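Written out below as structure tokens is the structure these notes cover.
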Amino acid sequence: MSDPTPVRSLREWLDRLAETGRLSVARPGIGLRHEAAAVANRLDGSRASLFPQPGGHPGTIVSGLVSSRAWMAEALGTAQDRLVAHFQRAAAEPLPWRERETAPAQEMVHREGIDILKLLPVPTLNEHDSGPYISAGLMISRDPETGVQNVAILRCQISGPDRIGVLVLPRHTDNFYRKAEAQGQGLEVALVVGVDPACLLASQAIVPLGRDELEIAGALTGQPLDVVKCLTNDVRVPAEAEIVIEGRLLPEVREPEGPFGEFPQYYGERAKRHVMQVDAVTHRRNPIFHMIVGGGLEHLLLGAIPREATILATLQRSFPGVENVHLSLGGVGRYHLYVRLRKSQEGEAKNVLLGAFAAHYDIKHAVVVDTDVDIHDPKEVEWAVSTRFQADRDLVVVANAQGSKLDPSTRDGVGAKMGLDATAPLDAPPMKFTRIRVPGEAEVDLGAVLDPDADWREAVG
């Protein structure tokens with residue numbers, strides 16, 4: 001069976017979902033405050049959801065676009081079991097974007113009297129969120145010295161008609177911002193809402209400073225991404241985007257932002273954050289606003305898959321026997337890592353565990369298993385722990401290590417890490433760790449051997 005054709009716009013992906021029964025359309029008027037998010041959560045992982053005229057607003061919201069690994073692989077034109085490798089190749093071999101003079105993203109232009117909540121149907125998601133949030137916007141910024149771009153999904157609170165509170169973490173956007181602020185200038189940015197799955201996934205790539213994630217998006221679909229220059233600054237944005245909010249992160253300005261429901265399924269605290277001043281809003285005719293509900297599958301998977309690609313590449317440089325890795329949903333796609341290892345010597349699994357903790361500071365618990373264990377099935381991993389792990393022999397604990405500041409069990413991001421070596425000893429007797437198996441089970445054609453209309457009493461005579 002050949003791989004599916006990659007999609008290159010949000011609307012193309014919606015057509016694909018609708019054609020295959022994976023898109024539900026709500027009745028007009030579903031509420032913007034919690035109600036749209038509640039419906040999206042009920043459908044999470046089974047169907048995407050589209051909300052026309054939410055809360056009486058003339059716009060449209062969509063959610064749940066990539067709430068399945070299989071969907072993400074399909075949208076990128078690859079197989080699910082090759083998804084991480086596909087992402088690795090794209091990150092290693094990006095395609096320069098292709099600039100256009102005009103684009104659908106700029107069909108409609110607003111420069112004067114901007115009021116974001118009148119222009120866009122921005123929802124309030126979780127119970128204690130501080131207000132309406134743009135949760136699926138790509139924050140695209142330019143290095144003020146080199147012009148190289150960075151793309152990230154940052155949580156964005158609507159703080160006023162033309163002001164947005166932004167949580168800027170100490171990463172690439174912050175690096176650019178500090179350079180601009182040192183010059184007494186704001187950082188030119190664009191907040192892009194409603195893009196194709198490749199742009200969404202590429203935005204989460206863990207790559208060195210100076211790598212434009214829009215070039216990774218092109219590599220994910222096999223052709224350069226079309227971009228267009230913003231009208232009020234030099235940022236380039238995806239040409240097929242639904243909505244673009246142009247503006248600046250203001251220097252020396254901080255205002256209250258939060259709380260907001262985050263991926264660990266707790267709230268990120270309220271504090272003084274960066275502020276974006278909006279200079280213009282452009283969009284397609286009848287634009288579609290993408291909503292990611294905090295802590296849902298879409299939120300978790302977008303973070304997990306790029307991290308898996310980076311962690312796998314990091315481990316394989318030192319441990320060729322590492323075949324695959326998986327960040328489990330039970331570990332919110334960040335904190336729990338499963339590693340499949342073709343072990344060649346005793347003690348190797350413990351070294352792999354230490355390498356995993358070094359590969360990304362978010363990793364809190366890691367389990368190394370043998371190649372006969374399906375790391376994408378939590379029951380299989382738990383089985384390996386229950387039958388191949390002894391705490392006094394196979395446990396690794398690292399105290400007072402850097403972790404995630406969004407993990408409420410840490411002390412401001414400092415906590416413990418635990419590794420479990422759930423691999424079988426290499427010198428074990430041949431049958432001691434051999435898994436039971438019924439020959440031919442996987443090949444049985446149940447439709448050929450079962451009679452759905454049979455009466456059991458007649459069958460037994």
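Every chain in the structure tokens takes a letter, A first, then B, and so on in the order presented; its residues are numbered from 1, and the ligands are numbered from 1 following the presented order.
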
What's around stretch 164-177 of chain A at 8 Å? Count only C-alpha atoms, leave out sequence neighbours fewer than 4 positions away in its own chain, and write the answer as a PyMOL selection string. chain A and resi 141-144+150-152+154-160+181+186-187+209+249+255-257+273-278

Assign secondary structure with DSSP using the backbone only, and return the residues of stretch 168-315 of chain A in strand (DSSP E or B) as an mmCIF file with N, CA and C atoms, in the first residue's frame.
```cif
data_model
loop_
_atom_site.group_PDB
_atom_site.id
_atom_site.type_symbol
_atom_site.label_atom_id
_atom_site.label_comp_id
_atom_site.auth_asym_id
_atom_site.auth_seq_id
_atom_site.Cartn_x
_atom_site.Cartn_y
_atom_site.Cartn_z
ATOM 1 N N LEU A 187 10.582 43.501 19.333
ATOM 2 C CA LEU A 187 10.899 42.395 18.431
ATOM 3 C C LEU A 187 9.750 42.193 17.458
ATOM 4 N N GLU A 188 10.041 42.299 16.162
ATOM 5 C CA GLU A 188 9.020 42.078 15.140
ATOM 6 C C GLU A 188 8.567 40.621 15.159
ATOM 7 N N VAL A 189 7.252 40.424 15.214
ATOM 8 C CA VAL A 189 6.701 39.075 15.266
ATOM 9 C C VAL A 189 5.422 39.002 14.442
ATOM 10 N N ALA A 190 5.006 37.772 14.156
ATOM 11 C CA ALA A 190 3.691 37.498 13.576
ATOM 12 C C ALA A 190 3.119 36.281 14.287
ATOM 13 N N LEU A 191 1.869 36.369 14.660
ATOM 14 C CA LEU A 191 1.163 35.261 15.294
ATOM 15 C C LEU A 191 0.220 34.673 14.250
ATOM 16 N N VAL A 192 0.504 33.437 13.827
ATOM 17 C CA VAL A 192 -0.183 32.821 12.692
ATOM 18 C C VAL A 192 -1.106 31.721 13.193
ATOM 19 N N VAL A 193 -2.376 31.806 12.832
ATOM 20 C CA VAL A 193 -3.387 30.854 13.296
ATOM 21 C C VAL A 193 -4.037 30.180 12.091
ATOM 22 N N ASP A 226 5.459 27.751 0.710
ATOM 23 C CA ASP A 226 5.211 29.094 0.195
ATOM 24 C C ASP A 226 4.995 30.050 1.365
ATOM 25 N N VAL A 227 5.702 31.183 1.334
ATOM 26 C CA VAL A 227 5.562 32.187 2.385
ATOM 27 C C VAL A 227 5.296 33.544 1.748
ATOM 28 N N VAL A 228 4.866 34.488 2.573
ATOM 29 C CA VAL A 228 4.643 35.864 2.127
ATOM 30 C C VAL A 228 5.138 36.794 3.222
ATOM 31 N N LYS A 229 5.652 37.956 2.830
ATOM 32 C CA LYS A 229 6.143 38.937 3.787
ATOM 33 C C LYS A 229 4.966 39.644 4.447
ATOM 34 N N ARG A 236 8.316 36.584 7.562
ATOM 35 C CA ARG A 236 7.660 35.787 6.517
ATOM 36 C C ARG A 236 6.765 34.748 7.176
ATOM 37 N N VAL A 237 5.564 34.589 6.631
ATOM 38 C CA VAL A 237 4.563 33.689 7.208
ATOM 39 C C VAL A 237 4.038 32.749 6.141
ATOM 40 N N PRO A 238 3.481 31.590 6.544
ATOM 41 C CA PRO A 238 2.922 30.664 5.548
ATOM 42 C C PRO A 238 1.839 31.323 4.697
ATOM 43 N N ILE A 243 -5.040 33.056 9.287
ATOM 44 C CA ILE A 243 -5.033 34.329 10.010
ATOM 45 C C ILE A 243 -3.590 34.692 10.356
ATOM 46 N N VAL A 244 -3.236 35.966 10.210
ATOM 47 C CA VAL A 244 -1.920 36.465 10.617
ATOM 48 C C VAL A 244 -2.125 37.740 11.443
ATOM 49 N N ILE A 245 -1.596 37.732 12.658
ATOM 50 C CA ILE A 245 -1.627 38.918 13.524
ATOM 51 C C ILE A 245 -0.203 39.463 13.579
ATOM 52 N N GLU A 246 0.000 40.643 13.017
ATOM 53 C CA GLU A 246 1.335 41.239 12.947
ATOM 54 C C GLU A 246 1.543 42.189 14.121
ATOM 55 N N GLY A 247 2.776 42.241 14.620
ATOM 56 C CA GLY A 247 3.018 43.154 15.730
ATOM 57 C C GLY A 247 4.434 43.112 16.237
ATOM 58 N N ARG A 248 4.608 43.589 17.504
ATOM 59 C CA ARG A 248 5.922 43.678 18.137
ATOM 60 C C ARG A 248 5.813 43.252 19.593
ATOM 61 N N LEU A 249 6.814 42.513 20.065
ATOM 62 C CA LEU A 249 6.943 42.296 21.501
ATOM 63 C C LEU A 249 7.627 43.532 22.072
ATOM 64 N N GLU A 255 3.222 42.611 31.655
ATOM 65 C CA GLU A 255 1.877 42.750 32.202
ATOM 66 C C GLU A 255 1.372 41.380 32.650
ATOM 67 N N PRO A 256 0.377 41.317 33.561
ATOM 68 C CA PRO A 256 -0.099 40.024 34.076
ATOM 69 C C PRO A 256 -0.671 39.136 32.972
ATOM 70 N N GLU A 257 -0.282 37.855 33.025
ATOM 71 C CA GLU A 257 -0.798 36.833 32.099
ATOM 72 C C GLU A 257 -1.006 35.551 32.878
ATOM 73 N N PHE A 260 -3.372 29.559 32.932
ATOM 74 C CA PHE A 260 -3.773 28.916 31.687
ATOM 75 C C PHE A 260 -3.537 27.419 31.809
ATOM 76 N N GLY A 261 -4.494 26.611 31.354
ATOM 77 C CA GLY A 261 -4.394 25.151 31.416
ATOM 78 C C GLY A 261 -3.319 24.632 30.488
ATOM 79 N N TYR A 267 -2.592 24.110 35.829
ATOM 80 C CA TYR A 267 -2.556 25.484 35.339
ATOM 81 C C TYR A 267 -1.161 26.080 35.452
ATOM 82 N N GLY A 268 -0.738 26.763 34.380
ATOM 83 C CA GLY A 268 0.449 27.600 34.466
ATOM 84 C C GLY A 268 0.089 28.867 35.222
ATOM 85 N N ALA A 271 1.556 35.547 36.157
ATOM 86 C CA ALA A 271 2.757 36.332 36.427
ATOM 87 C C ALA A 271 2.853 37.426 35.370
ATOM 88 N N LYS A 272 3.801 38.332 35.552
ATOM 89 C CA LYS A 272 4.010 39.383 34.565
ATOM 90 C C LYS A 272 4.801 38.826 33.386
ATOM 91 N N ARG A 273 4.250 38.980 32.183
ATOM 92 C CA ARG A 273 4.833 38.395 30.977
ATOM 93 C C ARG A 273 5.051 39.477 29.905
ATOM 94 N N HIS A 274 5.647 39.023 28.808
ATOM 95 C CA HIS A 274 5.851 39.896 27.656
ATOM 96 C C HIS A 274 4.510 40.316 27.059
ATOM 97 N N VAL A 275 4.544 41.421 26.312
ATOM 98 C CA VAL A 275 3.328 41.979 25.716
ATOM 99 C C VAL A 275 3.551 42.217 24.228
ATOM 100 N N MET A 276 2.614 41.743 23.416
ATOM 101 C CA MET A 276 2.640 41.978 21.979
ATOM 102 C C MET A 276 1.675 43.099 21.633
ATOM 103 N N GLN A 277 2.180 44.132 20.977
ATOM 104 C CA GLN A 277 1.347 45.204 20.455
ATOM 105 C C GLN A 277 0.977 44.859 19.018
ATOM 106 N N VAL A 278 -0.311 44.786 18.717
ATOM 107 C CA VAL A 278 -0.777 44.383 17.388
ATOM 108 C C VAL A 278 -0.777 45.590 16.450
ATOM 109 N N ASP A 279 -0.173 45.425 15.278
ATOM 110 C CA ASP A 279 -0.113 46.492 14.279
ATOM 111 C C ASP A 279 -1.066 46.257 13.114
ATOM 112 N N ALA A 280 -1.376 44.998 12.827
ATOM 113 C CA ALA A 280 -2.287 44.682 11.720
ATOM 114 C C ALA A 280 -2.775 43.255 11.880
ATOM 115 N N VAL A 281 -3.936 42.983 11.289
ATOM 116 C CA VAL A 281 -4.458 41.619 11.211
ATOM 117 C C VAL A 281 -4.847 41.371 9.757
ATOM 118 N N THR A 282 -4.343 40.275 9.194
ATOM 119 C CA THR A 282 -4.754 39.869 7.851
ATOM 120 C C THR A 282 -5.315 38.456 7.923
ATOM 121 N N HIS A 283 -6.171 38.126 6.960
ATOM 122 C CA HIS A 283 -6.747 36.771 6.977
ATOM 123 C C HIS A 283 -7.399 36.450 5.646
ATOM 124 N N ILE A 288 -10.715 30.422 9.257
ATOM 125 C CA ILE A 288 -10.959 29.359 10.227
ATOM 126 C C ILE A 288 -9.938 29.498 11.350
ATOM 127 N N PHE A 289 -10.424 29.616 12.580
ATOM 128 C CA PHE A 289 -9.579 29.811 13.760
ATOM 129 C C PHE A 289 -9.310 28.461 14.406
ATOM 130 N N HIS A 290 -8.033 28.087 14.499
ATOM 131 C CA HIS A 290 -7.657 26.802 15.100
ATOM 132 C C HIS A 290 -7.513 26.954 16.608
ATOM 133 N N MET A 291 -8.151 26.057 17.343
ATOM 134 C CA MET A 291 -8.124 26.036 18.806
ATOM 135 C C MET A 291 -7.511 24.723 19.271
#
```

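Among A:Gly403, A:Gly147, A:Gly113, A:Gly295, the residue with the shortest atom-to-atom distance to A:Gly333, counting only C-alpha atoms, is A:Gly295.
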
Could you tell me how far atom CA of A:Pro28 lies from atom CA of A:Arg285, in Å and to one decimal?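 Interatomic distance, atom CA of A:Pro28 to atom CA of A:Arg285: 18.5 Å.
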
Can you tell me, as a ChimeraX atom specification, which residues in stretch 172-420 of chain A count as alpha helix (DSSP H) by DSSP? /A:172-182,197-202,213-221,297-318,348-359,378-388,391-394

Selected residue of minimal separation from A:Asp362 among A:Cys199, A:Ala422, A:Val385, A:Val332, counting only C-alpha atoms: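 Result for the nearest residue to A:Asp362: A:Val332.
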
Between A:Ile436, A:Leu406, A:Ile140, A:Leu120, which residue has the minimum interatomic distance to A:Glu262, considering only C-alpha atoms?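 Distance minimum relative to A:Glu262 lands on A:Leu406.
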
Neighbour list for stretch 381-384 of chain A as a PyMOL selection string, cut-off 10 Å, only C-alpha atoms, skip fewer than 3 positions in-chain: chain A and resi 338-340+367-370+372-378+387-389+421-424

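Rounded to one decimal, atom CA of A:Lys432 and atom CA of A:Leu353 lie 24.5 Å from each other.
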
By how many Å are atom CA of A:Asp81 and atom CA of A:Arg307 apart? 15.8 Å

Just the residues within 9 Å of A:Val84, please, counting only C-alpha atoms, with nothing from its chain fewer than 5 positions along; format it as a PyMOL selection string. chain A and resi 89+305-306+308-309+312+324

Applying 6 Å and only C-alpha atoms, which residues near stretch 45-54 of chain A remain after dropping the ones on its own chain fewer than 4 positions away? List them as a ChimeraX atom specification. /A:22-26,28-32,40,58-65,67-68
